[in-house]
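> If you scroll down you'll find the structure; I have some questions about it.
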Amino acid sequence: MIGDKLIIETFHTQTAKRVVDAIKDKIKEKKKYSISVGGESGSGKSELAFEIHRLLFEEGIKAGVLQQDDYFIFPSKTCHQMRLNNIEQVGAYEARLDFMEANIYNFKEGMEKIYKPLSIYDEDRLTTEFMVVKDLDVLIAEGTFCTQMRFIDTKVFINRDYRDSKEKREKRARDVMGDFIERVLQKEHKVVSEHKKLADIVVKKDFSGIDIQDRVEVEGPYRTVEG
């Protein structure tokens, strides 16, 4: 997304290194590899994804990043207004995850380039672009609901909720803070917190380390995980 504000700190870099060290041998065994970075709003998904991207390049592994914010049905500011009109629409169906998943599938199938949406935040506008992926070894998908997607080789989930991320969201200053936003985040939390069981790697809430786990397989696209 054009206009996104990233605040990358030392703990993002340290965690990204732990993730890269855990999977780099697996990546080198496959021709095309996919990673997702999921978690609640403000948990640090974008920062972690782009640090993984950067550190992979240092290992000689070419990587690209897909951001879920590009795949929302409405541009960011309009999406917020739609939520104001009806908070019940908060959920995975706000984004074209099927489009994102198709892009990942085409990458893994060896396509030269993928056709994808692009969000321009300041203009509250959606457009499209071609992304050349033929020379990439890895494609990283980051976003709130990305843990639900198929065709992902390693799923990373940040185990922080909206209460843990409040200070970071205030620094980012992308959303207007207030009671309504807290209601949205509480609703999102009920769904996204359950995605932890779908992940291969879980990042501790204080970013002090990672846990490797056996993930639950997704049985269908974008389902809500029952507790």
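Ordering of the structure tokens sets the chain letters (A, B, ...); residue numbers start at 1 within each chain; ligands are numbered from 1 in the order shown.
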Quick one: residues within 10 Å of Asp200 (chain A), only C-alpha atoms counted, chain neighbours fewer than 2 positions away excluded, as a ChimeraX atom specification?
/A:36,147,153-157,196-198,202,211-216
> Going by DSSP on the backbone, which residues of region 51-175 of chain A come out as alpha helix (DSSP H)? List them as a VMD selection string.
chain A and resid 51 to 58 76 to 85 97 to 108 166 to 172
> Which is closer to Thr15 (chain A) than all the others in A:Ile181, A:Cys79, A:Ile158, A:Ile35, using only C-alpha atoms?
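For Thr15 (chain A), the nearest of the given residues is A:Ile158.
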> Which value, in Å to one decimal, gives the distance between CA of Ile73 (chain A) and CA of Asp137 (chain A)?
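Distance between the two atoms: 28.4 Å.
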> Can you tell me, as number ranges by chain, which residues in region 17-193 of chain A count as strand (DSSP E or B) by DSSP?
A: 33-39, 63-67, 72, 95, 113-120, 125-132, 138-142, 154-158
> Using only C-alpha atoms for the distances, tell me which of A:Lys28, A:Arg125, A:Lys116, A:Arg96 is nearest to Gly3 (chain A).
A:Arg125
> For Val203 (chain A), which of A:Gly91, A:Arg160, A:Gly64, A:Phe107 is the closest residue, counting only C-alpha atoms?
A:Arg160
> From the options A:Met82, A:Met131, A:Val218, A:Ile210, which residue's atoms come nearest to Ala22 (chain A), counting only C-alpha atoms?
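With only C-alpha atoms as the atom set, the closest residue is A:Ile210.
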> Smallest atom-to-atom distance to Leu139 (chain A): which of A:Lys77, A:Lys32, A:Arg163, A:Arg54, using only C-alpha atoms?
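Among A:Lys77, A:Lys32, A:Arg163, A:Arg54, it is A:Lys32 that comes nearest to Leu139 (chain A).
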> Per residue of region 60-167 of chain A within 7 Å of region 45-49 of chain A, note the shortest atom pair and the distance in Å to one decimal, counting only C-alpha atoms, and order the rows by chain and increasing residue number, as JSON lines.

{"residue": "A:Ile140", "atom": "CA", "partner": "A:Ala49", "partner_atom": "CA", "distance": 6.8}
{"residue": "A:Glu142", "atom": "CA", "partner": "A:Lys45", "partner_atom": "CA", "distance": 6.2}
{"residue": "A:Gly143", "atom": "CA", "partner": "A:Lys45", "partner_atom": "CA", "distance": 6.6}
> Store the residues picked out above in a file with N, CA and C atoms, as a compact mmCIF listing (two decimals), in the first residue's frame.

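Just written: selection31.txt:
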# COMPACT_ATOMS: atom_id res chain seq x y z
N ILE A 140 5.95 -13.08 0.47
CA ILE A 140 5.46 -12.91 1.84
C ILE A 140 4.12 -12.18 1.79
N GLU A 142 1.30 -10.38 4.08
CA GLU A 142 1.07 -9.90 5.44
C GLU A 142 -0.28 -9.23 5.55
N GLY A 143 -0.96 -9.48 6.67
CA GLY A 143 -2.26 -8.87 6.89
C GLY A 143 -3.03 -9.57 8.00
> Identify which of the residues A:Phe207, A:Ser43, A:Gln148, A:Arg18 lies closest to Glu194 (chain A), counting only C-alpha atoms when measuring atom-to-atom distances.
A:Gln148
> Write out as an mmCIF file with C-alpha atoms, in the first residue's frame each polymer residue whose atoms come within 12 Å of Leu84 (chain A), counting only C-alpha atoms; drop sequence neighbours fewer than 4 positions from it.

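Writing the result to selection-v2.cif gives the following:
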data_model
loop_
_atom_site.group_PDB
_atom_site.id
_atom_site.type_symbol
_atom_site.label_atom_id
_atom_site.label_comp_id
_atom_site.auth_asym_id
_atom_site.auth_seq_id
_atom_site.Cartn_x
_atom_site.Cartn_y
_atom_site.Cartn_z
ATOM 1 C CA LYS A 77 -10.671 5.559 4.505
ATOM 2 C CA THR A 78 -13.856 4.446 2.743
ATOM 3 C CA CYS A 79 -13.605 1.087 4.516
ATOM 4 C CA HIS A 80 -13.526 2.938 7.844
ATOM 5 C CA GLU A 88 -21.095 -5.995 11.627
ATOM 6 C CA GLN A 89 -19.187 -5.972 8.349
ATOM 7 C CA VAL A 90 -15.826 -6.176 10.152
ATOM 8 C CA ASP A 179 -14.472 4.311 21.333
ATOM 9 C CA PHE A 180 -15.598 3.181 17.887
ATOM 10 C CA ILE A 181 -12.118 1.984 16.911
ATOM 11 C CA ARG A 183 -15.245 -1.636 19.335
ATOM 12 C CA VAL A 184 -13.910 -2.570 15.895
#
> Quick one: residues within 12 Å of Phe50 (chain A), only C-alpha atoms counted, chain neighbours fewer than 5 positions away excluded, as a PyMOL selection string?
chain A and resi 6-9+12-13+15-17+20+35-37+44-45+55-57+63-67+139-142
> Just want the 12 Å neighbourhood of Phe130 (chain A), counted on only C-alpha atoms, with same-chain residues fewer than 5 positions away dropped. Output as a ChimeraX atom specification.
/A:103,111-118
> Quick one: write out the picked residues with C-alpha atoms as a PDB file, in the first residue's frame?

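Below is the file out14.pdb, written as the result:
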ATOM      1  CA  ASN A 103      -1.684 -14.316  -6.660  1.00  0.00           C
ATOM      2  CA  MET A 111       4.126 -17.236 -13.397  1.00  0.00           C
ATOM      3  CA  GLU A 112       6.322 -14.436 -14.715  1.00  0.00           C
ATOM      4  CA  LYS A 113       4.195 -11.679 -13.183  1.00  0.00           C
ATOM      5  CA  ILE A 114       0.998 -11.295 -11.210  1.00  0.00           C
ATOM      6  CA  TYR A 115      -1.802  -8.757 -11.633  1.00  0.00           C
ATOM      7  CA  LYS A 116      -2.736  -7.294  -8.256  1.00  0.00           C
ATOM      8  CA  PRO A 117      -4.622  -4.420  -6.625  1.00  0.00           C
ATOM      9  CA  LEU A 118      -2.812  -1.433  -5.120  1.00  0.00           C
TER      10      LEU A 118
END
> Between CA of Gly110 (chain A) and CA of Tyr33 (chain A), what is the spacing in Å?
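Between CA of Tyr33 (chain A) and CA of Gly110 (chain A) the gap works out to 10.9 Å.
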